[in-house]
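Shown here: work25.tsv, TSV, C-alpha atoms.
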chain	number	residue	atom	x	y	z
A	99	MET	CA	28.46	57.77	-36.79
A	100	ILE	CA	27.67	55.54	-33.81
A	101	ARG	CA	28.11	52.49	-36.06
A	102	TYR	CA	31.83	53.27	-36.36
A	103	THR	CA	32.66	53.72	-32.65
A	104	ALA	CA	33.33	50.08	-31.67
A	105	ALA	CA	37.08	50.70	-31.90
A	106	PHE	CA	36.90	53.22	-29.05
A	107	LEU	CA	34.94	50.85	-26.80
A	108	LEU	CA	37.16	47.82	-27.38
A	109	SER	CA	40.48	49.62	-27.08
A	110	GLY	CA	39.30	51.76	-24.19
A	111	ALA	CA	38.42	48.64	-22.21
A	112	ILE	CA	42.07	47.50	-22.03
A	113	PRO	CA	43.17	49.73	-19.10
A	114	LEU	CA	40.02	48.80	-17.15
A	115	LEU	CA	40.61	45.09	-17.76
A	116	SER	CA	44.25	45.47	-16.74
A	117	TRP	CA	43.15	47.08	-13.49
A	118	LEU	CA	40.79	44.18	-12.77
A	119	HIS	CA	43.47	41.53	-13.44
A	120	PRO	CA	46.88	41.59	-15.19
A	121	ALA	CA	45.85	38.86	-17.63
A	122	ALA	CA	42.35	40.25	-18.31
A	123	PRO	CA	43.27	42.38	-21.40
A	124	VAL	CA	43.62	39.15	-23.37
A	125	LEU	CA	39.79	39.06	-23.34
A	126	ILE	CA	39.88	41.75	-26.04
A	127	LEU	CA	40.78	39.04	-28.56
A	128	PRO	CA	37.63	36.92	-28.05
A	129	ALA	CA	35.57	40.11	-27.70
A	130	ILE	CA	36.60	41.29	-31.18
A	131	LEU	CA	36.11	37.83	-32.67
A	132	PHE	CA	32.71	37.47	-30.99
A	133	LEU	CA	31.62	40.85	-32.33
A	134	LEU	CA	32.76	40.23	-35.90
A	135	LEU	CA	31.88	36.54	-36.17
A	136	GLY	CA	28.61	37.05	-34.31
A	137	SER	CA	27.69	39.80	-36.74
A	138	GLU	CA	28.29	37.41	-39.63
A	139	MET	CA	25.89	34.90	-38.10
A	140	VAL	CA	23.02	37.16	-37.10
A	141	ALA	CA	23.08	39.93	-39.70
A	142	ARG	CA	22.44	39.77	-43.39
A	143	ARG	CA	24.86	40.57	-46.13
A	144	GLY	CA	23.71	43.40	-48.31
A	145	ALA	CA	24.06	46.90	-49.57
A	146	VAL	CA	23.73	49.33	-46.70
A	147	PRO	CA	23.77	52.67	-48.55
A	148	ALA	CA	26.99	54.63	-48.35
A	149	THR	CA	26.91	58.09	-46.83
A	150	LEU	CA	26.69	60.35	-49.88
A	151	GLN	CA	28.33	63.31	-48.20
A	152	ALA	CA	31.57	63.67	-46.24
A	153	PRO	CA	30.74	65.83	-43.21
A	154	ALA	CA	33.65	66.77	-41.01
A	155	SER	CA	32.20	64.79	-38.10
A	156	TYR	CA	33.10	61.51	-39.81
A	157	ARG	CA	36.73	62.64	-40.14
A	158	LEU	CA	36.83	63.28	-36.40
A	159	LEU	CA	36.57	59.59	-35.58
A	160	PRO	CA	39.94	58.48	-37.04
A	161	GLN	CA	41.51	61.77	-35.98
A	162	LEU	CA	40.43	61.16	-32.38
A	163	TYR	CA	41.19	57.46	-32.38
A	164	ILE	CA	44.83	57.80	-33.45
A	165	PRO	CA	46.02	59.84	-30.41
A	166	ALA	CA	43.94	57.56	-28.16
A	167	GLN	CA	45.65	54.45	-29.56
A	168	LEU	CA	49.09	56.07	-29.31
A	169	ALA	CA	48.39	57.01	-25.69
A	170	LEU	CA	47.34	53.41	-25.06
A	171	ILE	CA	50.64	52.15	-26.51
A	172	ALA	CA	52.62	54.59	-24.36
A	173	TRP	CA	50.64	53.58	-21.25
A	174	ALA	CA	51.20	49.87	-21.91
A	175	THR	CA	54.90	50.47	-22.55
A	176	ARG	CA	55.19	52.17	-19.18
A	177	MET	CA	53.18	49.39	-17.51
A	178	SER	CA	55.50	46.75	-18.96
A	179	ALA	CA	58.33	47.98	-16.73
A	180	HIS	CA	56.68	46.45	-13.65
A	181	ALA	CA	54.16	43.97	-15.05
A	182	SER	CA	54.43	40.21	-14.60
A	183	PRO	CA	55.26	38.04	-17.63
A	184	LEU	CA	51.57	37.10	-17.82
A	185	GLY	CA	50.55	40.75	-17.69
A	186	ILE	CA	53.05	41.70	-20.38
A	187	ALA	CA	51.79	38.89	-22.63
A	188	ALA	CA	48.19	40.07	-22.17
A	189	LEU	CA	49.17	43.65	-23.04
A	190	VAL	CA	51.20	42.57	-26.07
A	191	LEU	CA	48.25	40.64	-27.48
A	192	SER	CA	45.55	43.20	-26.70
A	193	ILE	CA	47.51	46.31	-27.69
A	194	GLY	CA	49.00	44.62	-30.74
A	195	LEU	CA	45.58	43.43	-31.86
A	196	THR	CA	43.86	46.80	-31.50
A	197	THR	CA	46.81	48.57	-33.13
A	198	GLY	CA	46.86	46.11	-36.03
A	199	ILE	CA	43.11	46.41	-36.62
A	200	PHE	CA	41.80	49.79	-35.54
A	201	GLY	CA	45.06	51.73	-35.41
A	202	MET	CA	46.02	50.42	-38.82
A	203	LEU	CA	42.59	51.11	-40.35
A	204	THR	CA	42.57	54.70	-39.11
A	205	ALA	CA	46.18	55.20	-40.26
A	206	HIS	CA	45.17	53.75	-43.64
A	207	GLU	CA	42.31	56.24	-43.85
A	208	MET	CA	44.65	59.14	-43.08
A	209	VAL	CA	47.50	58.21	-45.44
A	210	HIS	CA	45.01	58.07	-48.31
A	211	SER	CA	43.91	61.62	-47.56
A	212	THR	CA	44.97	64.55	-49.73
A	213	ASN	CA	45.20	66.67	-46.56
A	214	ARG	CA	48.80	66.97	-45.29
A	215	HIS	CA	47.61	67.29	-41.69
A	216	GLU	CA	45.76	63.97	-41.95
A	217	GLN	CA	48.73	62.33	-43.69
A	218	PHE	CA	50.86	63.38	-40.71
A	219	TRP	CA	48.44	61.68	-38.30
A	220	GLY	CA	48.52	58.53	-40.43
A	221	ALA	CA	52.33	58.43	-40.34
A	222	LEU	CA	52.27	59.06	-36.59
A	223	MET	CA	49.96	56.10	-36.04
A	224	LEU	CA	52.26	53.91	-38.14
A	225	THR	CA	55.10	55.02	-35.88
A	226	GLY	CA	53.31	53.35	-32.96
A	227	MET	CA	53.76	49.99	-34.68
A	228	THR	CA	57.16	50.86	-36.21
A	229	TYR	CA	55.81	50.31	-39.74
A	230	ARG	CA	56.01	53.82	-41.18
A	231	HIS	CA	57.19	52.68	-44.64
A	232	PHE	CA	53.71	51.17	-45.16
A	233	ARG	CA	52.38	54.55	-46.33
A	234	VAL	CA	54.88	54.56	-49.21
A	235	ALA	CA	54.65	50.86	-50.13
A	236	HIS	CA	50.84	50.87	-49.93
A	237	ILE	CA	50.07	54.06	-51.86
A	238	PHE	CA	52.71	53.82	-54.57
A	239	GLY	CA	53.18	50.06	-54.73
A	240	HIS	CA	50.09	48.14	-53.69
A	241	HIS	CA	47.51	50.48	-55.23
A	242	ARG	CA	49.36	50.44	-58.53
A	243	TRP	CA	50.19	46.73	-58.73
A	244	ALA	CA	47.52	44.98	-56.59
A	245	ALA	CA	46.46	41.58	-57.98
A	246	THR	CA	49.72	41.21	-59.92
A	247	GLU	CA	52.88	39.27	-59.12
A	248	ARG	CA	54.73	42.56	-58.89
A	249	ASP	CA	52.79	43.51	-55.76
A	250	ALA	CA	54.45	42.27	-52.59
A	251	ALA	CA	51.16	42.62	-50.67
A	252	THR	CA	49.14	40.30	-52.95
A	253	ALA	CA	49.09	36.65	-51.85
A	254	ARG	CA	49.73	34.09	-54.59
A	255	LEU	CA	47.42	31.15	-55.23
A	256	HIS	CA	48.41	28.16	-53.00
A	257	GLU	CA	50.68	30.42	-50.87
A	258	SER	CA	50.13	29.94	-47.13
A	259	PHE	CA	49.76	32.92	-44.84
A	260	TYR	CA	53.02	32.07	-43.10
A	261	ALA	CA	54.98	31.96	-46.38
A	262	PHE	CA	53.27	35.20	-47.40
A	263	LEU	CA	54.23	36.91	-44.13
A	264	VAL	CA	57.91	35.97	-44.50
A	265	ARG	CA	57.91	37.21	-48.09
A	266	THR	CA	55.81	40.35	-47.87
A	267	VAL	CA	57.34	42.19	-44.89
A	268	PRO	CA	60.90	42.57	-46.23
A	269	ALA	CA	59.63	42.95	-49.81
A	270	GLN	CA	57.42	45.91	-48.88
A	271	ILE	CA	60.32	47.60	-47.10
A	272	LEU	CA	62.52	47.15	-50.17
A	273	ASP	CA	59.73	48.34	-52.49
A	274	ALA	CA	59.21	51.49	-50.42
A	275	TRP	CA	62.96	52.21	-50.30
A	276	SER	CA	63.30	51.62	-54.04
A	277	PHE	CA	60.41	53.94	-54.82
A	278	GLU	CA	61.92	56.63	-52.64
A	279	GLN	CA	65.31	56.22	-54.32
A	280	THR	CA	63.66	56.70	-57.71
A	281	ARG	CA	61.67	59.70	-56.50
A	282	CYS	CA	64.76	61.36	-55.05
A	283	ALA	CA	66.79	60.69	-58.20
A	284	LYS	CA	64.11	62.22	-60.44
A	285	ARG	CA	63.97	65.33	-58.25
A	286	ARG	CA	67.77	65.42	-57.88
A	287	MET	CA	67.56	65.09	-54.12
A	288	GLY	CA	70.07	63.27	-51.93
A	289	TRP	CA	69.60	60.24	-49.69
A	290	ARG	CA	68.61	62.52	-46.82
A	291	HIS	CA	65.26	63.11	-48.54
A	292	ASN	CA	64.44	59.39	-48.76
A	293	ARG	CA	61.45	58.94	-46.44
A	294	VAL	CA	62.31	55.32	-45.67
A	295	ASN	CA	65.68	56.46	-44.35
A	296	HIS	CA	63.74	58.89	-42.15
A	297	ASP	CA	61.52	56.02	-41.01
A	298	ILE	CA	64.53	53.93	-39.94
A	299	ALA	CA	65.94	56.85	-37.93
A	300	ILE	CA	62.54	57.51	-36.30
A	301	ALA	CA	62.18	53.82	-35.39
A	302	VAL	CA	65.54	53.93	-33.61
A	303	LEU	CA	64.42	57.02	-31.69
A	304	VAL	CA	61.08	55.41	-30.77
A	305	PHE	CA	62.78	52.32	-29.36
A	306	ALA	CA	65.21	54.55	-27.47
A	307	ALA	CA	62.24	56.45	-26.02
A	308	ALA	CA	60.58	53.17	-25.00
A	309	ALA	CA	63.78	52.07	-23.28
A	310	TRP	CA	64.01	55.42	-21.49
A	311	LEU	CA	60.37	55.20	-20.42
A	312	ALA	CA	60.38	51.59	-19.21
A	313	GLY	CA	63.89	50.18	-19.61
A	314	PRO	CA	64.71	47.08	-21.68
A	315	ARG	CA	61.25	45.68	-20.98
A	316	GLY	CA	59.70	48.75	-22.61
A	317	ALA	CA	61.74	48.30	-25.79
A	318	ALA	CA	60.92	44.58	-25.84
A	319	PHE	CA	57.22	45.31	-25.34
A	320	LEU	CA	57.20	47.78	-28.25
A	321	ALA	CA	58.92	45.24	-30.50
A	322	LEU	CA	56.46	42.46	-29.60
A	323	GLU	CA	53.41	44.74	-29.82
A	324	SER	CA	54.57	45.91	-33.24
A	325	ALA	CA	55.13	42.32	-34.39
A	326	VAL	CA	51.55	41.39	-33.44
A	327	ALA	CA	50.14	44.51	-35.12
A	328	ILE	CA	52.14	43.90	-38.32
A	329	ALA	CA	51.04	40.26	-38.43
A	330	VAL	CA	47.38	41.31	-38.05
A	331	LEU	CA	47.75	43.91	-40.81
A	332	GLU	CA	49.32	41.37	-43.14
A	333	MET	CA	46.49	38.93	-42.40
A	334	PHE	CA	44.13	41.56	-43.84
A	335	ASN	CA	46.40	41.93	-46.87
A	336	TYR	CA	46.60	38.16	-47.30
A	337	VAL	CA	42.86	37.55	-47.52
A	338	ALA	CA	42.04	40.75	-49.45
A	339	HIS	CA	43.55	39.70	-52.81
A	340	TYR	CA	44.44	36.02	-52.37
A	341	GLY	CA	45.03	34.33	-55.72
A	342	LEU	CA	43.51	37.13	-57.81
A	343	ILE	CA	45.30	38.19	-60.99
A	344	ARG	CA	44.91	41.10	-63.38
A	345	GLU	CA	45.51	39.88	-66.92
A	346	ARG	CA	47.56	41.51	-69.70
A	347	ASP	CA	46.34	41.95	-73.25
A	348	ALA	CA	48.23	40.94	-76.39
A	349	GLY	CA	50.17	44.20	-76.25
A	350	GLY	CA	51.27	43.59	-72.67
A	351	ARG	CA	49.04	46.28	-71.16
A	352	LEU	CA	47.77	45.50	-67.68
A	353	GLU	CA	44.04	45.08	-67.16
A	354	PRO	CA	42.52	48.00	-65.19
A	355	PHE	CA	41.60	47.24	-61.60
A	356	ALA	CA	38.05	45.86	-61.44
A	357	PRO	CA	35.69	44.69	-58.65
A	358	HIS	CA	36.70	41.03	-59.15
A	359	HIS	CA	40.31	41.80	-58.15
A	360	SER	CA	39.49	42.10	-54.42
A	361	TRP	CA	37.75	39.86	-51.93
A	362	ASN	CA	34.98	41.70	-50.09
A	363	SER	CA	32.68	41.36	-47.10
A	364	SER	CA	29.26	42.98	-47.17
A	365	ASN	CA	27.97	42.13	-43.71
A	366	VAL	CA	25.87	45.05	-42.54
A	367	LEU	CA	26.99	44.87	-38.89
A	368	ALA	CA	30.61	43.76	-39.13
A	369	ASN	CA	31.66	46.22	-41.83
A	370	PRO	CA	31.33	49.42	-39.76
A	371	VAL	CA	33.52	47.86	-37.03
A	372	ILE	CA	36.39	47.81	-39.55
A	373	PHE	CA	35.57	51.21	-41.08
A	374	ASN	CA	33.97	49.64	-44.19
A	375	MET	CA	37.18	47.91	-45.26
A	376	GLY	CA	34.98	45.02	-46.37
A	377	ARG	CA	34.06	47.19	-49.35
A	378	HIS	CA	37.57	46.65	-50.60
A	379	SER	CA	36.86	46.68	-54.33
A	380	ASP	CA	35.37	50.15	-54.16
A	381	HIS	CA	38.33	51.33	-52.08
A	382	HIS	CA	40.72	50.26	-54.85
A	383	THR	CA	38.53	51.91	-57.46
A	384	ARG	CA	38.33	55.15	-55.46
A	385	PRO	CA	41.33	55.15	-53.08
A	386	SER	CA	40.72	58.65	-51.72
A	387	ALA	CA	37.00	58.08	-50.96
A	388	PRO	CA	36.33	58.43	-47.20
A	389	TYR	CA	35.42	55.24	-45.36
A	390	GLN	CA	31.76	56.19	-44.87
A	391	MET	CA	31.34	56.79	-48.63
A	392	LEU	CA	32.63	53.40	-49.78
A	393	ARG	CA	29.95	51.57	-51.77
A	394	HIS	CA	28.81	47.96	-51.80
A	395	ILE	CA	29.46	46.38	-55.20
A	396	ALA	CA	27.08	43.47	-55.75
A	397	GLU	CA	29.23	41.67	-58.33
A	398	ALA	CA	32.43	41.79	-56.24
A	399	PRO	CA	33.57	38.38	-54.90
A	400	GLU	CA	32.80	37.67	-51.25
A	401	LEU	CA	34.99	36.08	-48.59
A	402	PRO	CA	33.40	32.91	-47.18
A	403	ALA	CA	33.16	34.16	-43.58
A	404	GLY	CA	33.88	37.88	-43.57
A	405	TYR	CA	37.33	39.22	-42.74
A	406	ALA	CA	37.52	37.82	-39.19
A	407	GLY	CA	36.37	34.33	-40.09
A	408	SER	CA	38.52	34.23	-43.21
A	409	ILE	CA	41.60	35.29	-41.24
A	410	LEU	CA	40.98	32.41	-38.83
A	411	LEU	CA	40.71	30.07	-41.81
A	412	ALA	CA	43.98	31.43	-43.21
A	413	LEU	CA	45.78	30.41	-40.01
A	414	VAL	CA	45.10	26.78	-41.01
A	415	PRO	CA	46.54	26.63	-44.56
A	416	PRO	CA	45.07	23.24	-45.64
A	417	LEU	CA	41.58	24.34	-44.62
A	418	TRP	CA	42.05	27.78	-46.23
A	419	ARG	CA	43.20	26.28	-49.54
A	420	ARG	CA	40.41	23.71	-49.52
A	421	ILE	CA	37.79	26.46	-49.29
A	422	MET	CA	39.41	29.33	-51.20
A	423	ASP	CA	41.33	27.73	-54.06
A	424	PRO	CA	38.15	26.47	-55.83
A	425	LYS	CA	36.67	29.97	-55.45
A	426	VAL	CA	39.77	31.50	-57.04
A	427	GLU	CA	39.75	29.00	-59.90
A	428	ALA	CA	36.05	29.62	-60.54
A	429	LEU	CA	36.58	33.38	-60.50
A	430	ARG	CA	39.52	33.14	-62.91
A	431	ALA	CA	37.47	30.94	-65.23

Once you've parsed the file, please lay out its structure as structure tokens.
Amino acid sequence: MIRYTAAFLLSGAIPLLSWLHPAAPVLILPAILFLLLGSEMVARRGAVPATLQAPASYRLLPQLYIPAQLALIAWATRMSAHASPLGIAALVLSIGLTTGIFGMLTAHEMVHSTNRHEQFWGALMLTGMTYRHFRVAHIFGHHRWAATERDAATARLHESFYAFLVRTVPAQILDAWSFEQTRCAKRRMGWRHNRVNHDIAIAVLVFAAAAWLAGPRGAAFLALESAVAIAVLEMFNYVAHYGLIRERDAGGRLEPFAPHHSWNSSNVLANPVIFNMGRHSDHHTRPSAPYQMLRHIAEAPELPAGYAGSILLALVPPLWRRIMDPKVEALRA
């Protein structure tokens, strides 16, 4: 279990850094990059065996991390009322980054659970980045249509990250709302049962609470922190399925999801930091499998520099396309 505790150390350092200097929390960004990129350099890629059982202790980690991250967001929101512009910027970047990586990964783990209590915690974590509709769009949209043009969260070949971000955020909201409309119609329920409508109302209440806690600065901080977290999440989405396509047979039936429809990272040190999300192909094959039970699939395609390095590449579209597009073409061939 110790392998999966880096999130607690990195996020927990933010208040201490803020106490040392208002701008110091920005050091969390290079710390995370150093940890992930350094792991890629010094550790081998390979098949660390998955944990074959799912003891309750492993579930405690995301369950404990979510309230800790939410408390961190509330603390930073309160701090923003009196912080300098430099201090606010440092908090926006550090809190947004940890929310978008670790908060999002633990929320992702919880929303995939069949346990209603854990699903609640996942939705609560998504509330902290005002992106609650993700649980609907991801489960009922992305996991059904990943690696197809119908999936808003799958990046097209030659599409830059910036074009993807502008397209995917509103498209996922619309997909989630549309799914909820269909669900409510089938069950003969009114608009009040549409969960995305609930999410909009909750977001308004959360921003009102932030304004009450820290005034206009608090609401602005929450909006900026959420924007950073959402951008980080969508960076993960961008690199995870970039350019990959599931084919249709002569009868129009969609090819089942296979290992070659996700980009993976098998680094033995970096993967536990991101709760084994590098084993992305196995996650799509077994969506409800707990993070510690995800398996390395040897034939699954690998990102050129793990998730962290590949995300940095994606921020420079010409360099990203130069490296990744030939890999996509070779994989399709």

Determine, using only C-alpha atoms, which residues of region 123-240 of chain A have any atom at most 10 Å from an atom of region 397-406 of chain A, and tabulate each with its shortest atom pair and distance in Å to one decimal place, rows ordered by chain and then rising number, as CSV.
residue,atom,partner,partner_atom,distance
A:Ile130,CA,A:Ala406,CA,8.8
A:Leu131,CA,A:Ala406,CA,6.7
A:Phe132,CA,A:Ala406,CA,9.5
A:Leu133,CA,A:Ala406,CA,9.5
A:Leu134,CA,A:Ala406,CA,6.3
A:Leu135,CA,A:Ala406,CA,6.5
A:Ser137,CA,A:Gly404,CA,9.4
A:Glu138,CA,A:Gly404,CA,6.9
A:Met139,CA,A:Ala403,CA,9.1
A:Arg143,CA,A:Gly404,CA,9.8

Practice prompt. Select all residues near (33.8, 55.8, -33.9) (cut-off 6 Å, inclusive, file coordinates), counting all atoms listed in the file, and output them as a ChimeraX atom specification.
Written response: /A:102-103,159

Worksheet, complete the sentence: Pro120 (chain A) proximity check over A:Met375, A:Ala312, A:Met202, A:Met177, using all atoms listed in the file: winner is A:Met177

Discussion item. Using all atoms listed in the file for the distances, tell me which of A:Pro388, A:Gly198, A:Pro354, A:Gly407 is nearest to Leu158 (chain A).
Written reply: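 Answer, going by the shortest atom-to-atom distance: A:Pro388.
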
Discussion item. Counting all atoms listed in the file, which residues sit no farther than 10 Å from the position (39.1, 43.9, -46.4) in the file's frame? I'd like them as a PyMOL selection string.
Written reply: chain A and resi 333-339+360-364+369+372-379+381+401+404-406

Response to the item:
re CA of Arg346 (chain A) and CA of Leu429 (chain A): distance 16.5 Å

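Between Phe106 (chain A) and the residues A:Val124, A:Ala166, A:Ile300, A:Leu118, the shortest atom-to-atom distance, using only C-alpha atoms, involves A:Ala166.
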
Fill in: Pairwise distance for CA of Phe238 (chain A) and CA of Pro153 (chain A), rounded to one decimal in Å
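Computing the Euclidean distance for CA of Phe238 (chain A) and CA of Pro153 (chain A) yields 27.5 Å.
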
Worksheet item: Expressed in Å to a single decimal, how great is the separation between CA of Leu108 (chain A) and CA of Gln217 (chain A)?
Response: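 Interatomic distance, CA of Leu108 (chain A) to CA of Gln217 (chain A): 24.7 Å.
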
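Residue nearest Ser258 (chain A), chosen from A:Met287, A:Ala111, A:Ala307, A:Leu413 and counting all atoms listed in the file: A:Leu413.
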
Wanna dump the region 304-358 of chain A-region 296-299 of chain A contacts at 12 Å for me, each residue with its shortest atom pair and the distance in Å to one decimal, counting all atoms listed in the file, ordered by chain and number, as JSON lines?
{"residue": "A:Val304", "atom": "CA", "partner": "A:Ala299", "partner_atom": "CA", "distance": 8.8}
{"residue": "A:Phe305", "atom": "CA", "partner": "A:Ala299", "partner_atom": "CA", "distance": 10.2}
{"residue": "A:Ala306", "atom": "CA", "partner": "A:Ala299", "partner_atom": "CA", "distance": 10.7}

Export of the given selection (C-alpha atoms) as a PDB file, in the coordinates of the input:
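The file below, result-v5.pdb, is the result:
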ATOM      1  CA  VAL A 304      61.080  55.410 -30.770  1.00  0.00           C
ATOM      2  CA  PHE A 305      62.780  52.320 -29.360  1.00  0.00           C
ATOM      3  CA  ALA A 306      65.210  54.550 -27.470  1.00  0.00           C
TER       4      ALA A 306
END

Missing atoms in region 389-405 of chain A: can you complete it with N, CA and C atoms, as a CSV table (one decimal), in the coordinates of the input?
chain,number,residue,atom,x,y,z
A,389,TYR,N,35.9,56.6,-45.7
A,389,TYR,CA,35.4,55.2,-45.4
A,389,TYR,C,33.9,55.2,-45.4
A,390,GLN,N,33.2,56.2,-44.9
A,390,GLN,CA,31.8,56.2,-44.9
A,390,GLN,C,31.1,56.3,-46.2
A,391,MET,N,31.9,56.7,-47.3
A,391,MET,CA,31.3,56.8,-48.6
A,391,MET,C,31.7,55.6,-49.5
A,392,LEU,N,32.3,54.6,-49.0
A,392,LEU,CA,32.6,53.4,-49.8
A,392,LEU,C,31.3,52.7,-50.1
A,393,ARG,N,31.2,52.2,-51.3
A,393,ARG,CA,30.0,51.6,-51.8
A,393,ARG,C,30.0,50.0,-51.8
A,394,HIS,N,28.9,49.4,-51.6
A,394,HIS,CA,28.8,48.0,-51.8
A,394,HIS,C,28.7,47.7,-53.3
A,395,ILE,N,29.5,46.8,-53.8
A,395,ILE,CA,29.5,46.4,-55.2
A,395,ILE,C,29.0,44.9,-55.3
A,396,ALA,N,27.8,44.8,-55.8
A,396,ALA,CA,27.1,43.5,-55.8
A,396,ALA,C,27.9,42.4,-56.5
A,397,GLU,N,28.5,42.7,-57.6
A,397,GLU,CA,29.2,41.7,-58.3
A,397,GLU,C,30.6,41.3,-57.8
A,398,ALA,N,31.1,42.0,-56.8
A,398,ALA,CA,32.4,41.8,-56.2
A,398,ALA,C,32.4,40.5,-55.5
A,399,PRO,N,33.5,39.7,-55.6
A,399,PRO,CA,33.6,38.4,-54.9
A,399,PRO,C,33.6,38.5,-53.4
A,400,GLU,N,32.9,37.6,-52.7
A,400,GLU,CA,32.8,37.7,-51.2
A,400,GLU,C,33.7,36.6,-50.6
A,401,LEU,N,34.3,37.0,-49.4
A,401,LEU,CA,35.0,36.1,-48.6
A,401,LEU,C,34.0,35.1,-48.0
A,402,PRO,N,34.4,33.9,-47.7
A,402,PRO,CA,33.4,32.9,-47.2
A,402,PRO,C,32.9,33.2,-45.8
A,403,ALA,N,33.6,33.9,-45.0
A,403,ALA,CA,33.2,34.2,-43.6
A,403,ALA,C,33.5,35.5,-43.1
A,404,GLY,N,33.5,36.5,-44.0
A,404,GLY,CA,33.9,37.9,-43.6
A,404,GLY,C,35.4,37.9,-43.3
A,405,TYR,N,35.9,39.1,-42.9
A,405,TYR,CA,37.3,39.2,-42.7
A,405,TYR,C,37.8,38.4,-41.5
